[in-house]
Each structure stands twice: as C-alpha cells, then as structure tokens.
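Report on the structure given below.
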Amino acid sequence: MRVNVLGPLQVVAEGAPVEVRGKRLRWLLIRLAMEPGRVVPADRLIADLWPDEPPVGGVAALQSLVSRLRRTLGAGAVSSHALGYRLEASTDVEEFARTRDAALWRGAAFEEAPFAVDEAVRLALLRDDLAGLEALAAAHPLREDVQARLMLALHAAGRRSDALAVFSRVRDALADELGVDPGETLAAAHLTVLRERVSRGNLPAPVGSFVGRDADLVTLAELLRDNRLVTLTGFGGVGKTRLALTHAASVPQAWFAELDSAAEPLAALDAALGPNPLATPVFSRLGSSLVVLDNCEHVVDAAAALCVRLLAEAPDARVLATSREPLGIPGEVVHPVAPLDLDHAVRLFAARVGSALDRDVVRRVCGALDGIPLALELAAARARSLSAAQLESRVDSRLRLLDRGARTGPARHRTLRAVIDWSWELLDDAERLLLARLAVFVGGATAAAVHEVCGAGSRRGTPEPGTPASQRTQDHRQDQDLWETEDLLAALVEKSLVVRAGERYRLLETVREYALEQHRTDPAEHAAYYVALAEQNEPLLRGPRQLEALKVFDAERSNLDAALAWAVRHDHGIARRMMAARTWHWLVMTKRFEEIRRWAPLVPDDPLSEVLVSLGTPEAVVAAERLWQEDLPTALCALMLTSGQIWGEAELGGRLEALADRLARSADEWMRAFSVLIRGIVAGEFSEGSAPQAEVAYRAALKGFRAVGDRWAVVFGLSCLVMVLVNRGAFAEAFKAVSEARQVAAELGEPESVLVPMSVLMQAARIKVRIGDLAGARADLELVPASSLDLDQARVALAHGEVAYFSGDFEQAVRLYRQALDTTDERANQFRATVHAGLGLALTRLGHLGQAGEEHRKALDTVNRSADGPARAMVLEQYADWLLAQGDPRGAEEALDEAERLRGGASSDPAVVQLRDRVRAEVGVDR
C-alpha cells in the first residue's frame with residue numbers, strides 16, 4: 001500500500017486507488033503519514049485531530065477512528081503500540097526525505113490538514129520551494145513563525161526588499177486585525193534582514209550532508225539565547241563538533257578554536273581570531289560573537305579556566321563548547337548529544353553508500369553501530385569493499401571492522417578503536433576497572449546491580465556476624481561502598497562512556513565490546529545476582545506487586561538470558577533455579593512459549609524442563625510424575641497445559657481432584673484459591689450435570705484471587721466463568737464478566753499476551769455476536785493478533801463464521817466453518833465438535849439437511865469422547881435443531897432433555913428456549 005500526501009491525499013493498494021471518506025478519517029491518515037515508520041503518540045493524534053474541542057472520551061474516539069481506517073484500508077494498515085499508532089505503508093514523505101526527488105510533489109503538501117502547517121513549511125524549505133513557502137504564508141497570513149521563515153528564505157535568495165515587504169505587510173495585518181505588534185520571532189527575522197553583511201569568523205565550510213539533528217539545533221538556539229555557556233557532551237564520534245559548527249553557521253559572527261592539539265587553550269583562541277597587529281587583548285576582540293571551543297575533554301581544566309575568564313571579560317560573547325564531559329563551572333548548561341535514532345542513522349548511511357545495499361541489511365548494521373555518526377561513516381567506507389552479507393556478518397566485531405578512516409582526520413577519529421582509546425586514557429584506574437566490569441551486563445543495569453556485581457558489594461564477602469555494633473559498622477560500610485559505586489558511575493556518565501536512562505545504566509554496544517576485551521567481567525557474580533533477583537520477584541507475580549515484578553522481568557530480560565546462558569554451561573544448579581524462577585513469567589504472564597522451547601532442552605535434571613521437552617514421548621509420563629508432586633505454581637500451570645497429552649481424561653480428572661485436596665491444605669491463600677479453581681475445572685470439564693457447581697467454584701476462586709491481588713488469576717477465573725455462562729445462555733452476565741477480564745488484562749499490558757483458556761478478545765467477540773452486536777464483534781476480531789498456531793487461526797475463522805451465521809450469510813458461514821476444520825487436526829476434539837455443530841446449523845438453514853446431519857453426527861462422535869458434560873450439552877442442543885427440521889420432534893425433545901441432564905440445568909439461550917418451545921408444540925400436535 002502507498003499513501004501520498006505531497007499534494008491531494010492519494011491511497012493506492014495493489015495498483016488500484018482507495019477512497020478515504022470523511023474529513024477526520026482523512027486527517028488521521030495524513031497525520032500518520034507525516035511521521036512514516038514512527039509510532040505517533042495517541043495524545044498528539046487527539047490534539048491534532050480535534051484541535052478546537054477534544055472529545056470527552058478522546059482515547060475511545062481515536063480507537064473508533066482507527067478501526068474505521070482499518071476497515072477502509074485493511075486491518076494491517078495501522079498497527080497498535082503501547083503509546084499510539086503507526087502507519088504500515090510506504091509514503092511519498094518517506095521517499096522524499098530519502099531522495100529529495102522533486103517529482104514526488106503533486107501540489108501543496110497536507111493541504112487538507114490544518115495541523116500540518118509546520119511540517120509543510122519544513123518540507124518546503126528542504127526542497128528549496130520558495131513558491132510553496134510563499135503559498136503557505138499567503139494561506140496563513142497571521143502565522144508569525146511561517147512569515148518569519150519566508151522572510152529569511154527570501155533574504156537568503158537575494159530578495160531583501162521582498163523580505164522587508166513581507167514584514168511590513170504582516171505588521172500592518174497584526175495591527176489592523178489583532179491590535180498587536182510583531183512578536184519576538186518575526187522581529188528577530190526583521191533584524192536579520194536589516195543587518196549589513198559582517199564577517200562570519202573562521203568557521204570551516206561544511207562537507208557532506210547533516211542528518212537527524214533538527215531538534216538539537218532548535219534546542220541549542222534556545223539555550224544560547226538564554227545562556228552564555230552551553231557545553232555539548234556525548235560519546236566520541238557522536239557528532240558534537242558538526243552540530244556546533246552547524247549552529248554557529250546560523251549566527252552573524254562565530255569563531256572556531258580547536259583545542260585538540262593546543263597546549264594552551266587561550267593561545268588556540270588567539271590564533272583562531274587571526275592576525276592582531278595592534279596587540280588587542282583576546283577577549284576584547286570578541287564583541288558579541290559566538291566562540292566554539294572544540295574537544296575540551298583532554299584539557300578540561302584549562303578549558304574551564306579559559307571560559308571563566310572569557311565570560312567575565314567579554315560580557316557580550318557566548319561560548320559553545322564540545323567535550324566528552326562537562327566543564328563543571330558556574331553558569332554552564334549541558335546539552336547531551338545522543339546517537340542518531342535508527343531512521344536517521346539509516347538515512348546518513350544511505351547518503352554515504354547510495355542504494356547499493358539492501359535496506360533491511362542497512363537497518364541491522366546501523367542498529368549494531370548504536371547510531372554513532374563516525375561509526376556509520378567508517379562502515380560506509382568499508383561498504384565500498386565488502387558485500388552486504390560480509391558487512392552484516394562482521395558488524396558485531398565493530399572494533400576490528402572499523403579499523404580504517406579518513407587519512408586527514410584527527411588521529412582519535414581515524415578508527416572506532418581510537419575513539420574509545422582516547423576516552424579510556426582519560427580515566428583513572430578505578431573508573432577503568434568499573435567500566436571494564438560493566439561489560440558483564442546486557443541491556444543495562446540498576447545502580448544496585450552494578451554495586452553488587454561490579455562494585456565494592458561484590459568484593460565484601462560474608463557479612464560480619466555478631467553484635468548490633470558490628471552490624472552498624474557493616475551497614476555503614478555498605479552505605480559507603482554504594483556511594484563509591486554511584487560516584488564512579490556518575491563519573492563515567494559525565495564522561496559519555498555510560499548512558500543513563502531513568503534508573504538504569506548501560507554501555508553502548510561499541511563501548512561494551514571494548515570493555516569485554518579488558519577481561520575484567522565476572523559472569524559468576526552476575527549470574528548469582530540475577531537468579532536471586534528472579535527468585536525474589538517470582539512470587540510477586542501472583543500478588544498486589546504484580547505490575548512491579550513484571551517491569552523487573554521485562555527490564556532485566558537480557559541480563560536474565562545472559563545469566564542463564566552462562567549457567568547452562570558452568571553451573572547447573574543456578575540454571576535450574578533460573579528456569580524455575582522465570583517459567584511463570586514466560587508461560588503465564590507473557591505467553592513467551594518460544595523462550596521455554598529455547599531454554600528447556602539446555603537445563604539438565606529439571607522436571608519442568610523435561611516435561612516440556614519430552615511431550616509426546618514415553619519419557620513424558622516419567623517426567624510428569626516427578627512434576628506432579630510439586631506444589632509450585634509453575635508446576636500447576638505446566639500440568640494444566642500438558643497433562644491432557646500425558647494422561648487420559650478419566651485419570652486426569654482424578655489426579656486434579658487429588659491435587660485440589662492437597663492445595664486446599666496449603667497455608668498460602670493463592671494456593672487455596674487455585675484449589676477451588678481446579679475443582680471448578682473438574683466440575684465443568686470432567687463431569688456430567690455439574691455446570692452449576694463449576695460456576696459456584698469459579699466465583700469462589702475469583703473472590704480468593706481478588707483478595708490476594710493477582711490480576712492474571714482473576715482474568716483466568718473470569719475466562720473459565722465466561723465459558724460456563726455462555727454454555728447456559730447467560731450472555732448479558734457473560735459479557736459483564738468478559739468486559740471485566742478485558743479491563744484487568746489491559747492492566748497487565750497487551751490483553752492477548754496473558755495465558756487464559758480462551759482469548760479475551762475472542763470471547764468478547766463471540767458474546768457480542770449472541771447479543772446482536774455484530775459490528776462490535778467484527779471490531780474485536782480485528783484486534784486479535786495474528787498467530788502461527790493452527791488452533792488460534794481456526795478459532796478466528798470460527799468466530800468470523802459465527803458473525804456470518806448470525807448476520808444471515810449462511811453460505812459464508814459454511815466456508816468459514818470448513819476453513820476452521822481444515823486448519824486443525826483431529827486432536828482438537830471439543831473445538832472440532834463445536835465447528836461441526838455450527839456447520840450443521842448453517843447447512844440446515846440452507847436446506848442441505850443430509851449434509852447437515854452428517855456434520856451433526858461428526859460433532860456427536862467427537863464430543864462423546866469427552867467427559868465434558870456442558871460441551872456435549874451444547875452439541876446436543878444444536879443436533880436437536882436438525883432433528884426438528886427433519887421432522888423428528890420426539891428425537892429433538894430427547895436430545896434437549898439429555899442436554900439439560902449433562903449440563904445440570906436448562907439453557908437460557910434465546911435460540912435454545914425458542915427451539916424447546918417449538919419442539920413442545922410439535923410433540924403436542926403429534927400426541
């Protein structure tokens with residue numbers, strides 16, 4: 001699909017135009033296309049789409065609009081993310097950003113969208129489209145920022161008188177219509193145009209394109225407007241110098257002093273100012289210029305002293321310094337320069353190598369290089385002599401790959417290793433030791449983790465036993481050690497070698513590779529810390545601190561993986577502990593089955609791993625018997641997932657009863673609630689006539705789970721309850737329960753990521769079908785994520801078939817039901833029985849009674865292999881429908897009576913109630 005907005009909105013899918021109707025729907029598409037490939041936050045979308053008065057339910061209104069857009073363009077056109085939505089289509093905006101191809105423009109960009117003026121102006125400036133900028137200014141005569149941009153563009157084009165005429169026109173319009181004078185932005189543009197040409201100083205001319213720093217340039221201009229000293233900090237090669245020079249080129253007068261090779265910064269500044277025949281003092285020559293002091297880090301004390309003098313003796317001058325660490329003097333404002341984001345890194349790399357490499361390869365290479373511009377430049381140079389496959393295969397060995405650079409560049413920038421060598425030499429011994437040991441972490445770490453694994457905490461040994469006095473001494477020592485670790489971390493952050501994000505510290509992968517070469521890491525300490533952290537947080541996953549524990553497992557995923565990977569090779573005890581501590585998170589809270597499949601074969605002598613690895617083999621029974629004796633929640637859930645493949649229904653029902661008895665005696669409240677849930681499962685799925693008891697048990701279990709604060713268990717219990725309620729036709733009550741399940745699941749993250757008997761969205765859709773909300777059912781089904789599992793795909797087909805059936809499209813229902821059957825194998829007994837029965841109903845409505853009867857017989861044959869009374873009851877009720885259509889009311893009556901017995905009560909499903917009434921009437925006539 002292609003979305004074009006550089007002119008009237010145009011959507012093309014598979015070569016054919018797609019019409020998008022409705023102003024706000026078109027606005028939404030345009031707004032998403034303005035940021036191709038990026039997630040646009042929901043709050044920004046709401047603000048732009050409803051600029052005058054946002055709707056009361058802004059999020060709901062936006063969701064509805066997104067659903068409408070998906071129905072128009074296809075379900076995959078817009079993807080949902082935690083913060084907002086992303087357009088999954090190519091755009092001419094993206095192509096123009098990459099190629100600057102003027103042929104892409106078909107008229108005024110975003111002409112329908114009032115919120116897009118700033119972006120339209122930016123693009124007009126990018127393409128040097130002065131006529132387009134004039135048209136935008138004419139369309140928005142009182143937008144002072146737009147008029148100021150036009151004035152500066154006209155002035156740069158040599159049309160000084162036209163620029164002044166714009167100011168005169170806007171000033172008069174502001175006075176006449178609003179009664180105000182021009183604001184600061186317009187006045188500043190006017191002053192720039194009025195100024196005579198002055199010397200710009202000694203700035204070197206730019207070479208090559210400058211990518212991805214628009215926001216930095218805006219921030220830098222604002223900082224230097226309000227402050228006299230701004231220091232750009234960041235990792236070597238991140239682009240501090242280029243950013244400083246680009247900003248300096250926009251001011252009337254700027255001087256550039258390179259401190260790299262200067263023994264004395266003041267002498268470097270004096271030399272930068274040029275000949276001084278009158279021997280005028282350096283600072284009095286600066287006037288109101290901007291001074292760029294580059295590469296201050298290796299002479300940081302002297303550079304700081306120079307700035308103190310300069311700011312005092314040249315009161316109108318400003319200083320823009322670049323350094324890998326702050327200067328640390330009063331009045332300094334520090335602006336960290338981050339690596340490029342992935343999109344801009346790709347743009348920079350592509351600009352250097354052209355379009356010779358595959359775009360996916362380029363993205364992977366740029367991601368591996370941390371978005372560091374110098375690394376990207378060095379890699380682009382290597383791309384001229386390496387194939388795409390060679391470049392990609394070697395990029396993880398960055399320091400060796402990027403070992404050659406520009407012959408004329410500074411020595412510290414000729415290779416990637418030289419960049420880090422330069423910073424490494426500036427560290428003291430303690431900083432070097434900590435930096436080297438930080439390489440043991442993957443994906444960053446908290447200060448506490450760094451202290452325990454790398455700091456003094458890791459070397460402290462066994463705590464001193466004994467008296468309270470010795471304990472106080474120990475506590476004081478721990479506090480001092482933690483302070484020492486945090487001080488060293490702070491120093492490394494200041495020197496741009498460690499990145500801090502919130503409470504976490506991490507190394508760029510480039511720095512981590514260098515640090516690993518120092519051979520100071522201690523993976524045993526790392527593994528011991530993280531297995532203890534996992535064990536500490538695992539029980540919290542089933543209580544009120546559940547969300548907190550989830551954040552820990554997600555944040556530390558890479559470290560936990562690294563610890564487990566080390567343990568399976570070196571310490572099987574830690575490996576088994578880690579497996580036990582992580583499986584609940586993988587299996588229940590996030591459904592990361594691929595993680596279990598990845599790790600279980602590697603962990604020896606672990607009952608849980610053995611069950612999961614040996615499914616479908618004779619060894620599975622032996623492993624399951626060992627696991628059966630465990631009361632661990634992980635073991636319980638694994639047994640619920642796998643025991644049906646190990647034992648038959650009769651044996652399994654008895655085992656579950658025995659397990660429930662054992663758990664009921666537990667001192668743990670969660671275990672006792674789970675025992676009640678198991679009793680509900682036995683009553684509902686392994687018994688006849690016990691659906692009412694199952695419903696009672698599920699409600700009691702929910703009460704227990706709510707008391708202990710386990711959201712997952714509440715969702716699981718509600719899902720079980722919904723199945724019982726739907727089975728007896730209590731659709732309104734079931735909808736209330738599934739709505740609660742959906743709300744609680746959303747608190748855990750993505751509702752479909754938690755393990756439940758049936759997808760919450762699927763349950764909601766199927767209930768909506770039965771209460772007549774077909775549009776709502778379709779909307780919910782659109783939100784069900786794609787799955788590679790056959791049964792999941794078949795369930796989606798079944799749900800769509802039910803939508804078709806209840807909307808009266810019986811032929812479509814037949815096609816979808818058959819698709820569901822084709823997708824699953826014979827082992828999915830109850831599911832296939834449900835589909836066969838539904839197919840029989842649809843064929844009956846089409847008058848194909850012979851085919852319908854065959855499907856009902858298949859449904860009965862399949863479901864009768866199960867001890868699930870309620871499931872058999874539903875199949876019998878649908879079979880009764882066919883019997884009545886066949887002219888056998890007495891047979892239908894017998895089937896309905898047997899369904900009541902199997903369920904333990906009559907169904908209140910309106911379709912079943914109506915069928916019962918018709919059967920009774922027919923039987924009465926028969927008699």
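We name chains A, B, ... following the order of the structure tokens; residues begin at 1 in each chain, and ligands are numbered from 1 as shown.
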Quick one: pick out all alpha helix (DSSP H) residues within region 527-623 of chain A from a backbone DSSP run and write them as an mmCIF file with C-alpha atoms, in the first residue's frame.
```cif
data_model
loop_
_atom_site.group_PDB
_atom_site.id
_atom_site.type_symbol
_atom_site.label_atom_id
_atom_site.label_comp_id
_atom_site.auth_asym_id
_atom_site.auth_seq_id
_atom_site.Cartn_x
_atom_site.Cartn_y
_atom_site.Cartn_z
ATOM 1 C CA ALA A 527 24.509 -14.989 37.404
ATOM 2 C CA ALA A 528 24.256 -15.250 41.199
ATOM 3 C CA TYR A 529 22.785 -11.752 41.439
ATOM 4 C CA TYR A 530 20.206 -12.235 38.698
ATOM 5 C CA VAL A 531 18.994 -15.652 39.792
ATOM 6 C CA ALA A 532 18.424 -14.165 43.247
ATOM 7 C CA LEU A 533 16.610 -11.197 41.686
ATOM 8 C CA ALA A 534 14.371 -13.525 39.656
ATOM 9 C CA GLU A 535 13.602 -15.664 42.720
ATOM 10 C CA GLN A 536 12.783 -12.569 44.737
ATOM 11 C CA ASN A 537 10.332 -11.275 42.134
ATOM 12 C CA GLN A 546 2.497 -7.985 40.233
ATOM 13 C CA LEU A 547 2.979 -4.982 37.911
ATOM 14 C CA GLU A 548 6.194 -4.033 39.680
ATOM 15 C CA ALA A 549 7.549 -7.566 39.261
ATOM 16 C CA LEU A 550 6.535 -7.635 35.587
ATOM 17 C CA LYS A 551 8.568 -4.478 34.990
ATOM 18 C CA VAL A 552 11.597 -6.105 36.617
ATOM 19 C CA PHE A 553 11.373 -9.235 34.460
ATOM 20 C CA ASP A 554 10.906 -7.185 31.296
ATOM 21 C CA ALA A 555 13.664 -4.684 32.098
ATOM 22 C CA ARG A 557 15.280 -9.863 30.293
ATOM 23 C CA SER A 558 18.659 -9.585 28.566
ATOM 24 C CA ASN A 559 20.585 -9.942 31.825
ATOM 25 C CA LEU A 560 18.484 -12.941 32.866
ATOM 26 C CA ASP A 561 19.138 -14.537 29.477
ATOM 27 C CA ALA A 562 22.880 -13.899 29.797
ATOM 28 C CA ALA A 563 22.949 -15.348 33.316
ATOM 29 C CA LEU A 564 21.043 -18.457 32.213
ATOM 30 C CA ALA A 565 23.263 -18.900 29.164
ATOM 31 C CA TRP A 566 26.335 -18.860 31.414
ATOM 32 C CA ALA A 567 24.708 -21.161 33.950
ATOM 33 C CA VAL A 568 23.759 -23.908 31.479
ATOM 34 C CA ARG A 569 27.474 -24.161 30.648
ATOM 35 C CA HIS A 570 29.016 -23.676 34.075
ATOM 36 C CA HIS A 572 23.561 -26.409 36.520
ATOM 37 C CA GLY A 573 22.211 -25.542 39.953
ATOM 38 C CA ILE A 574 21.800 -21.889 39.015
ATOM 39 C CA ALA A 575 20.356 -22.931 35.651
ATOM 40 C CA ARG A 576 17.601 -24.988 37.337
ATOM 41 C CA ARG A 577 16.876 -22.184 39.807
ATOM 42 C CA MET A 578 16.646 -19.669 36.980
ATOM 43 C CA MET A 579 14.332 -21.914 34.982
ATOM 44 C CA ALA A 580 12.011 -22.282 37.972
ATOM 45 C CA ALA A 581 12.072 -18.555 38.662
ATOM 46 C CA ARG A 582 11.335 -17.492 35.075
ATOM 47 C CA THR A 583 8.836 -20.036 33.805
ATOM 48 C CA TRP A 584 5.782 -18.425 35.402
ATOM 49 C CA PHE A 593 6.449 -20.137 24.670
ATOM 50 C CA GLU A 594 9.439 -19.700 22.365
ATOM 51 C CA GLU A 595 11.582 -18.875 25.408
ATOM 52 C CA ILE A 596 10.619 -22.148 27.072
ATOM 53 C CA ARG A 597 11.286 -24.086 23.871
ATOM 54 C CA ARG A 598 14.662 -22.384 23.630
ATOM 55 C CA TRP A 599 15.888 -22.962 27.173
ATOM 56 C CA PRO A 607 11.328 -31.893 35.960
ATOM 57 C CA LEU A 608 9.554 -28.923 34.399
ATOM 58 C CA SER A 609 12.037 -28.731 31.510
ATOM 59 C CA GLU A 610 11.835 -32.483 31.000
ATOM 60 C CA VAL A 611 8.032 -32.390 30.726
ATOM 61 C CA LEU A 612 8.125 -29.592 28.183
ATOM 62 C CA VAL A 613 10.930 -31.185 26.159
ATOM 63 C CA GLU A 619 9.618 -40.190 28.817
ATOM 64 C CA ALA A 620 6.965 -37.512 29.297
ATOM 65 C CA VAL A 621 4.998 -39.694 31.723
ATOM 66 C CA VAL A 622 8.054 -40.241 33.928
ATOM 67 C CA ALA A 623 8.900 -36.539 33.968
#
```
Determine, using only C-alpha atoms, which residues of region 214-277 of chain A have any atom at most 7 Å from an atom of region 287-303 of chain A, and tabulate each with its shortest atom pair and distance in Å to one decimal place, rows ordered by chain and then rising number, as CSV.
```
residue,atom,partner,partner_atom,distance
A:Thr241,CA,A:Asp294,CA,6.6
A:Gln253,CA,A:Ser289,CA,5.0
A:Ala254,CA,A:Leu290,CA,4.5
A:Trp255,CA,A:Val291,CA,4.9
A:Phe256,CA,A:Val292,CA,4.8
A:Ala257,CA,A:Leu293,CA,5.1
A:Glu258,CA,A:Asp294,CA,5.0
A:Leu259,CA,A:Asn295,CA,5.7
A:Asp260,CA,A:Asn295,CA,5.7
A:Pro265,CA,A:Ala303,CA,6.1
```
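The list of residues with at least one atom within 12 Å of Gly22 (chain A), based on only C-alpha atoms and without residues fewer than 2 positions apart in the same chain, reads Glu19, Val20, Arg24, Leu25, Arg26, Trp27, Leu28, Leu29, Leu65, Arg68, Leu69, Thr72 and Glu112 of chain A.
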Could you write those residues out with N, CA and C atoms, as an mmCIF file, in the first residue's frame?
```
data_model
loop_
_atom_site.group_PDB
_atom_site.id
_atom_site.type_symbol
_atom_site.label_atom_id
_atom_site.label_comp_id
_atom_site.auth_asym_id
_atom_site.auth_seq_id
_atom_site.Cartn_x
_atom_site.Cartn_y
_atom_site.Cartn_z
ATOM 1 N N GLU A 19 -10.512 4.968 -1.911
ATOM 2 C CA GLU A 19 -11.144 6.216 -1.493
ATOM 3 C C GLU A 19 -11.288 6.237 0.026
ATOM 4 N N VAL A 20 -10.829 7.319 0.642
ATOM 5 C CA VAL A 20 -10.964 7.509 2.089
ATOM 6 C C VAL A 20 -11.946 8.642 2.313
ATOM 7 N N ARG A 24 -12.320 13.765 9.119
ATOM 8 C CA ARG A 24 -11.439 13.405 10.218
ATOM 9 C C ARG A 24 -10.691 12.098 9.935
ATOM 10 N N LEU A 25 -11.307 11.212 9.172
ATOM 11 C CA LEU A 25 -10.628 9.980 8.804
ATOM 12 C C LEU A 25 -9.441 10.296 7.902
ATOM 13 N N ARG A 26 -9.632 11.231 6.983
ATOM 14 C CA ARG A 26 -8.541 11.647 6.092
ATOM 15 C C ARG A 26 -7.458 12.346 6.903
ATOM 16 N N TRP A 27 -7.878 13.164 7.874
ATOM 17 C CA TRP A 27 -6.899 13.827 8.746
ATOM 18 C C TRP A 27 -6.038 12.802 9.467
ATOM 19 N N LEU A 28 -6.661 11.756 10.000
ATOM 20 C CA LEU A 28 -5.913 10.730 10.726
ATOM 21 C C LEU A 28 -4.864 10.097 9.819
ATOM 22 N N LEU A 29 -5.252 9.764 8.595
ATOM 23 C CA LEU A 29 -4.304 9.139 7.678
ATOM 24 C C LEU A 29 -3.160 10.093 7.344
ATOM 25 N N LEU A 65 -11.893 5.764 15.416
ATOM 26 C CA LEU A 65 -11.432 6.314 14.141
ATOM 27 C C LEU A 65 -10.399 5.384 13.497
ATOM 28 N N ARG A 68 -12.171 2.453 11.959
ATOM 29 C CA ARG A 68 -12.771 2.824 10.668
ATOM 30 C C ARG A 68 -11.715 2.866 9.575
ATOM 31 N N LEU A 69 -10.532 3.412 9.909
ATOM 32 C CA LEU A 69 -9.465 3.492 8.911
ATOM 33 C C LEU A 69 -8.986 2.096 8.520
ATOM 34 N N THR A 72 -11.301 0.583 6.107
ATOM 35 C CA THR A 72 -11.166 1.184 4.780
ATOM 36 C C THR A 72 -9.921 0.688 4.058
ATOM 37 N N GLU A 112 -5.131 19.489 3.127
ATOM 38 C CA GLU A 112 -6.418 19.357 3.826
ATOM 39 C C GLU A 112 -6.289 19.494 5.336
#
```
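The environment of region 423-433 of chain A within 7 Å, counting only C-alpha atoms and disregarding residues fewer than 4 places along the same chain, consists of Val419, Arg437, Leu488 and Leu492 of chain A.
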Write to file, as a compact mmCIF listing (two decimals), in the first residue's frame, the residues of the selection just made, with N, CA and C atoms.
```txt
# COMPACT_ATOMS: atom_id res chain seq x y z
N VAL A 419 38.73 6.06 18.89
CA VAL A 419 37.76 6.90 19.59
C VAL A 419 37.68 6.50 21.06
N ARG A 437 34.26 -3.88 34.05
CA ARG A 437 33.38 -4.86 34.68
C ARG A 437 31.92 -4.66 34.26
N LEU A 488 31.41 6.58 41.00
CA LEU A 488 32.15 6.15 39.82
C LEU A 488 31.23 6.06 38.60
N LEU A 492 31.51 8.15 34.99
CA LEU A 492 31.51 7.55 33.66
C LEU A 492 30.37 8.09 32.80
```
Find the residues around Ala777 (chain A) up to 7 Å (only C-alpha atoms counted), leave out those fewer than 4 positions away in its own chain, and share them as a CSV table (one decimal) with C-alpha atoms, in the first residue's frame.
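Result went into selection19.csv, see below:
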```csv
chain,number,residue,atom,x,y,z
A,765,ALA,CA,-16.5,-11.1,20.0
A,766,ARG,CA,-18.4,-14.4,20.3
A,768,LYS,CA,-21.3,-9.8,21.1
A,769,VAL,CA,-22.5,-12.0,18.2
A,773,ASP,CA,-23.7,-6.5,18.3
A,781,LEU,CA,-11.8,-9.7,15.9
```
Please list as a PyMOL selection string every residue within 9 Å of Val814 (chain A), counting only C-alpha atoms and excluding residues in the same chain fewer than 5 positions away.
chain A and resi 801+804-805+809+819+838-840+842-843
Can you spit out the residues from that selection as a tab-separated table (two decimals), in the first residue's frame, using N, CA and C atoms?
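The new file out.tsv reads:
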```tsv
chain	number	residue	atom	x	y	z
A	801	GLY	N	-17.06	-17.03	11.26
A	801	GLY	CA	-18.18	-17.83	10.77
A	801	GLY	C	-19.44	-17.57	11.56
A	804	ALA	N	-20.94	-14.34	10.45
A	804	ALA	CA	-21.66	-14.54	9.19
A	804	ALA	C	-22.99	-15.26	9.44
A	805	TYR	N	-22.99	-16.28	10.28
A	805	TYR	CA	-24.21	-17.05	10.53
A	805	TYR	C	-25.29	-16.16	11.15
A	809	ASP	N	-25.76	-14.68	6.58
A	809	ASP	CA	-24.98	-15.10	5.41
A	809	ASP	C	-24.51	-16.53	5.65
A	819	GLN	N	-13.16	-23.80	6.77
A	819	GLN	CA	-11.78	-23.30	6.90
A	819	GLN	C	-11.24	-23.61	8.29
A	838	GLY	N	-21.79	-26.17	14.45
A	838	GLY	CA	-22.13	-24.90	13.82
A	838	GLY	C	-22.32	-25.05	12.33
A	839	LEU	N	-21.46	-25.87	11.70
A	839	LEU	CA	-21.59	-26.13	10.27
A	839	LEU	C	-22.92	-26.82	9.97
A	840	GLY	N	-23.32	-27.74	10.86
A	840	GLY	CA	-24.61	-28.39	10.69
A	840	GLY	C	-25.77	-27.41	10.74
A	842	ALA	N	-25.67	-24.18	9.94
A	842	ALA	CA	-25.66	-23.35	8.73
A	842	ALA	C	-26.20	-24.14	7.53
A	843	LEU	N	-25.80	-25.39	7.41
A	843	LEU	CA	-26.28	-26.20	6.29
A	843	LEU	C	-27.78	-26.46	6.41
```
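The environment of Asp43 (chain A) within 12 Å, counting only C-alpha atoms and disregarding residues fewer than 3 places along the same chain, consists of Val39, Val40, Ile46, Ala47, Asp48, Leu49, Trp50, Pro51, Pro54, Pro55, Gly57, Gly58, Val59, Ala60, Ala61, Leu62, Gln63, Leu83, Gly84 and Tyr85 of chain A.
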Since we have the selection now, will you write its residues out, keeping C-alpha atoms, as a PDB file, in the first residue's frame?
```pdb
ATOM      1  CA  VAL A  39       4.674   5.433  16.365  1.00  0.00           C
ATOM      2  CA  VAL A  40       2.649   8.643  16.780  1.00  0.00           C
ATOM      3  CA  ILE A  46      -6.092  13.528  19.639  1.00  0.00           C
ATOM      4  CA  ALA A  47      -4.735  17.078  19.941  1.00  0.00           C
ATOM      5  CA  ASP A  48      -4.254  17.386  16.164  1.00  0.00           C
ATOM      6  CA  LEU A  49      -7.471  15.705  15.052  1.00  0.00           C
ATOM      7  CA  TRP A  50      -9.702  17.647  17.468  1.00  0.00           C
ATOM      8  CA  PRO A  51      -7.838  20.974  17.768  1.00  0.00           C
ATOM      9  CA  PRO A  54     -11.211  17.283  22.113  1.00  0.00           C
ATOM     10  CA  PRO A  55     -13.995  14.726  22.680  1.00  0.00           C
ATOM     11  CA  GLY A  57     -13.633  10.109  25.567  1.00  0.00           C
ATOM     12  CA  GLY A  58     -10.618  11.046  23.474  1.00  0.00           C
ATOM     13  CA  VAL A  59      -8.903   7.649  23.551  1.00  0.00           C
ATOM     14  CA  ALA A  60     -12.122   5.804  22.700  1.00  0.00           C
ATOM     15  CA  ALA A  61     -12.902   8.244  19.893  1.00  0.00           C
ATOM     16  CA  LEU A  62      -9.409   7.751  18.481  1.00  0.00           C
ATOM     17  CA  GLN A  63      -9.723   3.959  18.708  1.00  0.00           C
ATOM     18  CA  LEU A  83       1.949   4.663  23.175  1.00  0.00           C
ATOM     19  CA  GLY A  84      -0.012   5.112  19.961  1.00  0.00           C
ATOM     20  CA  TYR A  85      -0.332   4.008  16.327  1.00  0.00           C
TER      21      TYR A  85
END
```
Looking only at strand (DSSP E or B) from DSSP on the backbone, list the matching residues of region 192-375 of chain A as a list of chain:residue names.
A:Gly201, A:Leu229, A:Val230, A:Thr231, A:Leu232, A:Thr233, A:Ala254, A:Trp255, A:Phe256, A:Ala257, A:Glu258, A:Leu290, A:Val291, A:Val292, A:Leu293, A:Asp294, A:Arg318, A:Val319, A:Leu320, A:Ala321, A:Thr322, A:Ser323, A:Glu332, A:Val333, A:Val334, A:His335, A:Pro336
Taking only C-alpha atoms into account, produce a table as CSV in which each residue of region 750-779 of chain A with an atom at most 9 Å from an atom of region 712-736 of chain A appears once, together with its shortest atom pair and the distance in Å to one decimal, ordered by chain and rising number.
```
residue,atom,partner,partner_atom,distance
A:Val754,CA,A:Trp712,CA,7.1
A:Leu755,CA,A:Phe716,CA,7.5
A:Val756,CA,A:Phe716,CA,5.1
A:Pro757,CA,A:Ser719,CA,6.5
A:Met758,CA,A:Ser719,CA,6.8
A:Ser759,CA,A:Ser719,CA,8.4
A:Val760,CA,A:Ser719,CA,7.2
A:Gln763,CA,A:Val722,CA,7.9
A:Ala764,CA,A:Phe735,CA,6.7
A:Ile767,CA,A:Phe735,CA,6.3
A:Lys768,CA,A:Phe735,CA,7.6
A:Arg770,CA,A:Phe731,CA,7.1
A:Ile771,CA,A:Phe731,CA,6.9
```
Choose the residue, out of A:Asp710, A:Asp780, A:Glu811, A:Glu88, that has the smallest atom-to-atom separation from His848 (chain A); count only C-alpha atoms.
A:Glu811
